[in-house]
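Raw contents of upload-v5.txt, compact mmCIF, C-alpha atoms:
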# COMPACT_ATOMS: atom_id res chain seq x y z
CA MET T 614 -2.10 27.52 -36.46
CA SER T 615 0.83 25.36 -35.33
CA SER T 616 1.46 23.47 -32.11
CA ALA T 617 4.21 25.98 -31.30
CA THR T 618 2.04 29.11 -31.22
CA SER T 619 -1.58 29.43 -30.15
CA PRO T 620 -2.02 33.01 -28.89
CA VAL T 621 -5.05 33.90 -26.82
CA GLY T 622 -7.82 35.08 -29.10
CA SER T 623 -6.80 33.01 -32.10
CA VAL T 624 -9.33 30.56 -33.56
CA ILE T 625 -8.56 26.93 -34.36
CA ALA T 626 -10.46 25.12 -37.15
CA ASP T 627 -12.87 28.07 -37.50
CA ARG T 628 -14.66 27.25 -34.24
CA TYR T 629 -12.35 26.96 -31.20
CA GLU T 630 -11.31 30.34 -29.77
CA VAL T 631 -8.22 30.08 -27.55
CA LEU T 632 -8.91 31.46 -24.06
CA GLY T 633 -5.68 30.49 -22.31
CA SER T 634 -3.18 27.74 -21.59
CA LEU T 635 -4.06 24.69 -19.51
CA GLY T 636 -0.49 23.38 -19.58
CA SER T 637 1.79 21.27 -21.72
CA GLY T 638 3.47 17.90 -21.52
CA ARG T 639 5.73 15.61 -23.44
CA HIS T 640 3.08 14.87 -26.05
CA GLY T 641 1.30 18.14 -26.73
CA GLU T 642 0.05 21.50 -25.55
CA VAL T 643 -3.39 21.91 -23.98
CA TRP T 644 -5.49 25.06 -24.31
CA ARG T 645 -8.80 26.15 -22.86
CA VAL T 646 -10.99 27.06 -25.81
CA HIS T 647 -14.52 28.26 -26.43
CA ASP T 648 -16.39 26.24 -29.05
CA HIS T 649 -18.51 28.78 -30.92
CA ASN T 650 -20.57 26.01 -32.55
CA MET T 651 -21.60 24.51 -29.21
CA ASP T 652 -21.27 27.71 -27.12
CA ALA T 653 -19.25 25.82 -24.50
CA ASP T 654 -15.70 25.69 -23.16
CA TYR T 655 -13.46 22.67 -23.74
CA ALA T 656 -9.83 21.58 -23.49
CA LEU T 657 -8.05 21.36 -26.85
CA LYS T 658 -4.84 19.35 -27.10
CA LEU T 659 -2.51 20.06 -30.02
CA LEU T 660 -0.82 16.72 -30.65
CA ASP T 661 2.93 16.28 -30.89
CA PRO T 662 3.60 14.56 -34.25
CA THR T 663 6.39 12.53 -32.62
CA GLN T 664 4.18 10.94 -29.94
CA VAL T 665 4.34 7.17 -29.48
CA LEU T 666 0.78 6.49 -30.60
CA GLY T 667 -0.41 6.97 -34.16
CA PRO T 668 -1.93 10.33 -35.10
CA TRP T 669 -5.49 9.48 -34.01
CA ASP T 670 -4.94 6.59 -31.62
CA GLU T 671 -5.32 8.66 -28.45
CA ALA T 672 -8.62 10.07 -29.70
CA ARG T 673 -9.88 6.62 -30.69
CA LEU T 674 -8.87 5.16 -27.34
CA LEU T 675 -10.65 7.89 -25.40
CA ASN T 676 -13.73 7.41 -27.57
CA SER T 677 -13.74 3.62 -27.07
CA LEU T 678 -13.38 4.07 -23.31
CA ARG T 679 -16.33 6.45 -22.88
CA GLY T 680 -17.80 6.07 -19.41
CA ASP T 681 -17.38 6.99 -15.78
CA PHE T 682 -13.88 7.89 -14.56
CA ILE T 683 -12.52 8.57 -18.08
CA LEU T 684 -12.02 12.13 -19.36
CA PRO T 685 -14.74 12.55 -22.06
CA ILE T 686 -13.64 13.31 -25.65
CA ARG T 687 -15.71 15.66 -27.81
CA ASN T 688 -13.87 15.95 -31.15
CA ALA T 689 -10.70 15.13 -33.12
CA ASP T 690 -9.67 17.12 -36.18
CA THR T 691 -6.82 18.86 -38.04
CA THR T 692 -5.87 22.53 -38.28
CA PRO T 693 -5.38 24.08 -41.76
CA ASP T 694 -1.61 23.63 -41.44
CA GLY T 695 -2.01 19.91 -40.68
CA THR T 696 -1.59 19.92 -36.90
CA ARG T 697 -3.83 17.27 -35.36
CA PHE T 698 -5.79 18.04 -32.22
CA LEU T 699 -8.36 16.48 -29.94
CA VAL T 700 -11.00 18.13 -27.78
CA THR T 701 -12.08 16.92 -24.35
CA ASP T 702 -14.12 18.23 -21.47
CA VAL T 703 -12.34 20.72 -19.24
CA ALA T 704 -11.42 19.29 -15.85
CA GLU T 705 -12.59 22.41 -14.03
CA ARG T 706 -10.49 21.77 -10.94
CA GLY T 707 -7.30 20.82 -12.78
CA THR T 708 -5.11 17.80 -12.15
CA LEU T 709 -4.19 15.93 -9.00
CA ALA T 710 -0.70 17.40 -9.42
CA ALA T 711 -2.12 20.90 -8.96
CA MET T 712 -3.83 19.82 -5.73
CA ILE T 713 -0.65 18.63 -3.99
CA ASP T 714 0.99 20.93 -1.47
CA PRO T 715 4.66 19.80 -1.36
CA THR T 716 4.78 20.29 2.43
CA LEU T 717 1.26 19.40 3.53
CA GLY T 718 0.07 16.90 0.93
CA VAL T 719 -3.72 16.60 0.69
CA PRO T 720 -6.24 15.34 3.27
CA GLU T 721 -6.34 11.55 3.54
CA HIS T 722 -10.03 11.15 2.71
CA LEU T 723 -9.62 13.17 -0.50
CA ALA T 724 -6.49 11.26 -1.57
CA VAL T 725 -8.16 7.90 -0.96
CA GLY T 726 -11.32 8.90 -2.81
CA TRP T 727 -9.46 10.22 -5.84
CA VAL T 728 -7.23 7.16 -6.15
CA ARG T 729 -10.27 4.88 -5.87
CA ASP T 730 -11.82 6.79 -8.77
CA ALA T 731 -8.57 6.43 -10.74
CA CYS T 732 -8.57 2.69 -10.03
CA ASN T 733 -12.05 2.44 -11.51
CA GLY T 734 -10.95 4.36 -14.60
CA LEU T 735 -7.87 2.18 -15.04
CA ALA T 736 -9.98 -0.96 -14.64
CA ARG T 737 -12.00 0.21 -17.66
CA VAL T 738 -8.78 0.78 -19.62
CA HIS T 739 -7.57 -2.73 -18.77
CA ARG T 740 -10.87 -4.35 -19.76
CA HIS T 741 -10.22 -3.01 -23.25
CA GLY T 742 -6.88 -4.84 -23.41
CA LEU T 743 -4.86 -1.68 -22.83
CA LEU T 744 -2.36 -0.34 -20.31
CA HIS T 745 -2.16 3.39 -19.61
CA ARG T 746 1.63 3.28 -18.94
CA ASP T 747 1.88 6.80 -17.51
CA VAL T 748 -0.29 6.98 -14.40
CA LYS T 749 0.73 9.98 -12.32
CA PRO T 750 -0.93 12.98 -10.65
CA GLU T 751 -0.48 15.09 -13.79
CA ASN T 752 -2.59 12.67 -15.87
CA LEU T 753 -5.46 12.37 -13.40
CA PHE T 754 -8.06 15.13 -13.55
CA ILE T 755 -10.59 16.56 -11.08
CA THR T 756 -14.08 17.28 -12.34
CA GLU T 757 -16.39 20.03 -11.16
CA SER T 758 -18.09 17.48 -8.87
CA ALA T 759 -14.69 16.69 -7.28
CA ARG T 760 -14.39 13.23 -8.83
CA CYS T 761 -11.17 11.97 -10.41
CA VAL T 762 -11.04 10.89 -14.06
CA VAL T 763 -8.24 9.28 -16.06
CA GLY T 764 -6.89 11.17 -19.06
CA ASP T 765 -3.87 11.55 -21.35
CA LEU T 766 -3.60 8.17 -23.07
CA SER T 767 -0.74 9.29 -25.29
CA LEU T 768 1.48 6.46 -23.98
CA ALA T 769 -1.22 3.78 -23.82
CA GLY T 770 -0.20 0.39 -25.17
CA LEU T 771 -1.89 -2.86 -26.09
CA ARG T 772 -1.29 -5.86 -23.86
CA GLY T 773 0.51 -8.63 -25.72
CA ALA T 774 0.10 -12.39 -25.40
CA SER T 775 1.99 -12.23 -22.10
CA GLY T 776 -0.44 -9.64 -20.76
CA CYS T 777 2.31 -7.02 -20.83
CA ALA T 778 3.33 -4.04 -22.96
CA ALA T 779 6.66 -2.34 -23.59
CA ALA T 780 8.20 -0.41 -20.70
CA ALA T 781 7.17 3.27 -20.48
CA GLY T 782 6.22 5.93 -17.97
CA THR T 783 7.49 8.71 -15.73
CA VAL T 784 10.21 7.97 -13.17
CA GLU T 785 8.45 9.48 -10.13
CA THR T 786 5.64 6.90 -10.33
CA MET T 787 7.49 4.14 -12.22
CA ALA T 788 7.59 0.56 -10.95
CA PRO T 789 11.09 -0.89 -10.32
CA GLU T 790 10.73 -3.56 -13.03
CA ILE T 791 10.03 -0.80 -15.56
CA GLY T 792 12.94 1.38 -14.42
CA ALA T 793 15.28 -1.60 -14.74
CA VAL T 794 14.63 -1.77 -18.50
CA GLY T 795 16.12 1.70 -18.95
CA VAL T 796 19.30 1.02 -16.97
CA PRO T 797 22.38 0.74 -19.22
CA GLY T 798 23.38 -2.89 -19.66
CA TYR T 799 19.88 -4.29 -19.21
CA ALA T 800 19.57 -7.40 -21.40
CA GLY T 801 16.14 -8.76 -20.48
CA PRO T 802 12.79 -8.45 -22.24
CA THR T 803 11.34 -5.00 -22.76
CA GLU T 804 7.67 -6.03 -22.71
CA VAL T 805 7.45 -6.11 -18.92
CA TYR T 806 4.83 -3.42 -18.25
CA SER T 807 1.97 -5.28 -16.54
CA VAL T 808 -1.26 -4.52 -14.72
CA ARG T 809 0.74 -4.76 -11.48
CA SER T 810 3.09 -2.06 -12.82
CA GLU T 811 0.00 0.13 -13.16
CA VAL T 812 -0.94 -0.72 -9.55
CA PHE T 813 2.50 0.51 -8.45
CA SER T 814 1.89 3.83 -10.22
CA LEU T 815 -1.49 4.19 -8.52
CA GLY T 816 0.11 3.47 -5.14
CA ALA T 817 2.92 5.92 -5.87
CA THR T 818 0.31 8.53 -6.76
CA LEU T 819 -1.47 7.91 -3.43
CA TYR T 820 1.86 8.20 -1.58
CA TRP T 821 2.56 11.52 -3.36
CA LEU T 822 -0.86 12.88 -2.44
CA LEU T 823 -0.56 11.91 1.21
CA THR T 824 3.02 13.09 1.78
CA GLY T 825 3.43 15.93 -0.71
CA ARG T 826 6.46 14.29 -2.32
CA PRO T 827 6.96 11.41 -4.75
CA ALA T 828 7.95 7.97 -3.54
CA ILE T 829 10.80 8.04 -6.09
CA THR T 830 12.76 11.25 -5.77
CA GLY T 831 15.27 10.82 -8.62
CA THR T 832 14.90 11.44 -12.33
CA ARG T 833 16.84 8.50 -13.80
CA TYR T 834 15.59 5.03 -14.67
CA ARG T 835 18.13 3.66 -12.20
CA ASP T 836 16.42 5.67 -9.44
CA ALA T 837 13.13 3.91 -10.18
CA ALA T 838 14.81 0.50 -10.47
CA THR T 839 16.52 0.77 -7.08
CA ALA T 840 14.07 2.97 -5.16
CA SER T 841 13.38 2.26 -1.51
CA PRO T 842 10.63 4.76 -0.58
CA VAL T 843 10.67 6.26 2.89
CA ASP T 844 7.98 4.76 5.11
CA LEU T 845 4.85 6.84 4.59
CA TRP T 846 4.51 7.36 8.34
CA GLU T 847 7.88 9.09 8.44
CA LEU T 848 6.44 11.84 6.26
CA ALA T 849 2.75 11.71 7.18
CA PRO T 850 2.38 10.23 10.69
CA HIS T 851 -1.25 11.39 10.91
CA VAL T 852 -2.38 9.01 8.16
CA SER T 853 -4.35 5.96 9.32
CA ARG T 854 -2.68 2.57 9.61
CA ALA T 855 -5.04 1.07 7.02
CA THR T 856 -4.17 3.63 4.34
CA ARG T 857 -0.47 3.44 5.15
CA ASP T 858 -0.46 -0.37 4.88
CA ILE T 859 -2.45 -0.38 1.63
CA THR T 860 -0.11 2.18 0.08
CA THR T 861 2.95 0.21 1.19
CA ARG T 862 1.63 -2.97 -0.43
CA ALA T 863 0.74 -1.16 -3.66
CA ILE T 864 4.33 0.13 -4.06
CA ALA T 865 6.06 -3.10 -3.03
CA PRO T 866 9.25 -3.72 -5.08
CA ASP T 867 8.11 -7.27 -5.91
CA PRO T 868 5.17 -7.16 -8.36
CA GLY T 869 3.82 -10.39 -6.90
CA THR T 870 3.35 -8.71 -3.51
CA ARG T 871 1.23 -5.86 -4.91
CA TYR T 872 -2.51 -5.92 -5.45
CA PRO T 873 -3.20 -7.93 -8.62
CA ASP T 874 -5.16 -5.15 -10.34
CA PRO T 875 -6.65 -1.68 -9.77
CA ALA T 876 -10.04 -3.14 -8.84
CA SER T 877 -8.42 -5.01 -5.94
CA LEU T 878 -6.65 -1.85 -4.81
CA ALA T 879 -9.92 0.10 -4.99
CA ALA T 880 -11.68 -2.60 -2.99
CA ALA T 881 -8.99 -2.54 -0.30
CA LEU T 882 -9.27 1.23 -0.01
CA GLY T 883 -13.06 0.95 0.15
CA ARG T 884 -12.92 -1.66 2.91
CA SER T 885 -10.29 0.18 4.94
CA SER T 886 -11.46 1.48 8.27
CA GLN T 887 -11.09 5.24 8.16
CA PRO T 888 -11.01 6.97 11.55
CA ASP T 889 -14.01 9.08 12.52
CA ARG T 890 -11.72 12.05 13.10
CA ARG T 891 -10.15 13.30 9.87
CA TRP T 892 -6.61 14.51 10.40
CA THR T 893 -4.95 16.93 8.01
CA ARG T 894 -1.54 18.53 8.14
CA VAL T 895 -1.94 22.32 8.03
CA ALA T 896 0.38 25.32 7.74
CA PRO T 897 2.29 25.64 11.04
CA HIS T 898 1.67 28.48 13.42
CA THR T 899 4.55 30.88 14.12
CA GLY T 900 7.27 29.10 16.07
CA HIS T 901 5.74 25.65 15.55
CA GLU T 902 7.52 22.81 13.77
CA ARG T 903 4.36 21.17 12.41
CA CYS T 904 0.62 21.47 12.95
CA TYR T 905 -2.30 19.11 12.34
CA LEU T 906 -6.07 19.59 12.48
CA GLY T 907 -8.42 16.74 13.40
CA VAL T 908 -12.13 17.19 12.71
CA LYS T 909 -14.93 14.96 14.03
CA SER T 910 -18.63 15.81 13.94
CA GLY T 911 -17.80 19.41 13.10
CA ARG T 912 -15.52 19.83 16.10
CA ALA T 913 -11.81 20.37 15.55
CA ILE T 914 -8.71 19.70 17.62
CA ARG T 915 -5.30 21.21 16.89
CA LEU T 916 -2.16 19.15 17.41
CA CYS T 917 0.99 21.26 17.22
CA VAL T 918 4.64 20.24 17.47
CA ILE T 919 6.63 22.92 19.32
CA PRO T 920 10.43 22.87 19.79
CA ARG T 921 11.40 22.89 23.48
CA ALA T 922 13.17 25.99 24.74
CA ASP T 923 16.17 23.89 25.80
CA SER T 924 16.42 22.43 22.24
CA ARG T 925 15.98 18.94 23.68
CA GLY T 926 13.13 17.61 21.63
CA TYR T 927 9.55 18.78 21.30
CA VAL T 928 6.33 19.42 23.19
CA ILE T 929 3.05 18.16 21.70
CA GLN T 930 0.40 20.83 22.21
CA VAL T 931 -3.19 19.64 21.85
CA ARG T 932 -6.00 22.19 22.06
CA HIS T 933 -9.66 22.41 21.12
CA ASP T 934 -9.65 24.64 18.06
CA HIS T 935 -12.69 26.80 18.86
CA SER T 936 -12.17 27.44 22.56
CA GLY T 937 -8.41 26.97 22.87
CA ARG T 938 -9.05 24.70 25.86
CA ARG T 939 -6.34 22.17 26.59
CA HIS T 940 -7.01 18.55 25.66
CA GLY T 941 -6.08 15.67 27.95
CA GLN T 942 -3.20 14.74 25.61
CA ASP T 943 -1.69 18.21 25.82
CA GLY T 944 1.89 18.66 27.02
CA ILE T 945 3.52 15.37 26.04
CA THR T 946 7.28 15.73 25.47
CA THR T 947 9.24 13.67 22.99
CA SER T 948 12.65 13.41 21.36
CA ALA T 949 13.31 14.07 17.69
CA SER T 950 13.84 10.35 17.05
CA GLN T 951 10.47 9.47 18.61
CA LEU T 952 8.49 12.41 17.25
CA ASN T 953 6.53 10.61 14.52
CA ARG T 954 5.77 7.67 16.82
CA THR T 955 4.50 10.11 19.46
CA ILE T 956 2.31 11.94 16.95
CA ARG T 957 0.74 8.65 15.86
CA ALA T 958 0.13 7.57 19.45
CA THR T 959 -1.42 10.94 20.28
CA VAL T 960 -3.70 10.85 17.27
CA ARG T 961 -4.93 7.39 18.28
CA ALA T 962 -5.45 8.46 21.89
CA ILE T 963 -7.49 11.52 20.89
CA GLY T 964 -9.82 9.29 18.89
Once more with this new file: its structure as structure tokens, please.
Amino acid sequence: MSSATSPVGSVIADRYEVLGSLGSGRHGEVWRVHDHNMDADYALKLLDPTQVLGPWDEARLLNSLRGDFILPIRNADTTPDGTRFLVTDVAERGTLAAMIDPTLGVPEHLAVGWVRDACNGLARVHRHGLLHRDVKPENLFITESARCVVGDLSLAGLRGASGCAAAAGTVETMAPEIGAVGVPGYAGPTEVYSVRSEVFSLGATLYWLLTGRPAITGTRYRDAATASPVDLWELAPHVSRATRDITTRAIAPDPGTRYPDPASLAAALGRSSQPDRRWTRVAPHTGHERCYLGVKSGRAIRLCVIPRADSRGYVIQVRHDHSGRRHGQDGITTSASQLNRTIRATVRAIG
């Protein structure tokens, strides 16, 4: 059995029957398997022999980090042909990446809760003198109980005397100081990946969840080094001010402006005043530009953005979802340039 071919029905190490693919990344393929010894399903990762860590380092790191908010490891072994693999619990609901709708994002309360969980997992990683170095939606997993756990430590690095590790990561959630290292002509130190770089990646993950798109839209290191993310409210005007401001601080270009560590970011999110009415962007009705649903005490209100017949801006339609009755904020008109500001004001007025 090699890392290149693992057909469904094949058996790895005389105990793990391959049930199907769970995906693949830069450092290995992941399969859903049934462990005949334990009579249970797990995720089996066939390790890429060229990965940055040593052959068993990822398994040892996961084992040393056992606890809440870390993807549990169950085994590490070698196939008959010498391919190393590790076995973890299956994240039954997939990754955060799979939860993101590119147009709608995910509901604010879910995004905030998941990132707080990830902060707690990263805090455990940091207490062990490590840095994950590749925090992104694809490496954060959702358990059956809808909690978020940190996984894929294939790029994890030890913190040196300076508290930093060598630059690494994925551009879409990469801090500017890390992207700068990869720009041709860079002549500075390479060990610049800090805890605050990890905070940036957590903030960028939260931004991605809330808006449906990454804060950094390019694919080159230069794009990360020079990124100036669009204000979150321009893409998700229904998000609360507290969450918007926390996200903005977490992805600040200057590391000194960010939260000092994941625990501080988690605390800020925990203290933030979330509105009683939970607003979510939903699929637009026919002929509508955008639609939002706000739920409070089981009662929902629809806020829809409808282009005016004269093509001169928009009408904000606000209706009670169950009865269709007009709300007091119904019928406000606005221009395209003021649309997001009007949506925010309407959301606040509805309460």
(request) Calculate how many Å separate CA of Ala840 in chain T from CA of Ala711 in chain T, rounding to one decimal. (result) 24.5 Å
(request) Within 12 Å of Pro897 in chain T, counting all atoms listed in the file, which residues show up once you throw out same-chain ones fewer than 4 positions away? Write them as a ChimeraX atom specification, please. (result) /T:716-717,893,901-906,915-919
(request) Between CA of Glu790 in chain T and CA of Leu815 in chain T, measure the distance and give it in Å to one decimal. (result) 15.2 Å
(request) Fewer than 2 positions away in the same chain doesn't count, so skip those; otherwise give me all residues within 12 Å of range 672-674 of chain T, counting all atoms listed in the file, as a ChimeraX atom specification. (result) /T:657-660,666-670,676-680,683-690,697-701,737-739,741-745,764-771
(request) Compile the contact shell of Pro866 in chain T as a VMD selection string: residues with an atom at most 8 Å away, counting only C-alpha atoms, same-chain residues fewer than 3 positions apart removed. (result) chain T and resid 788 to 789 870
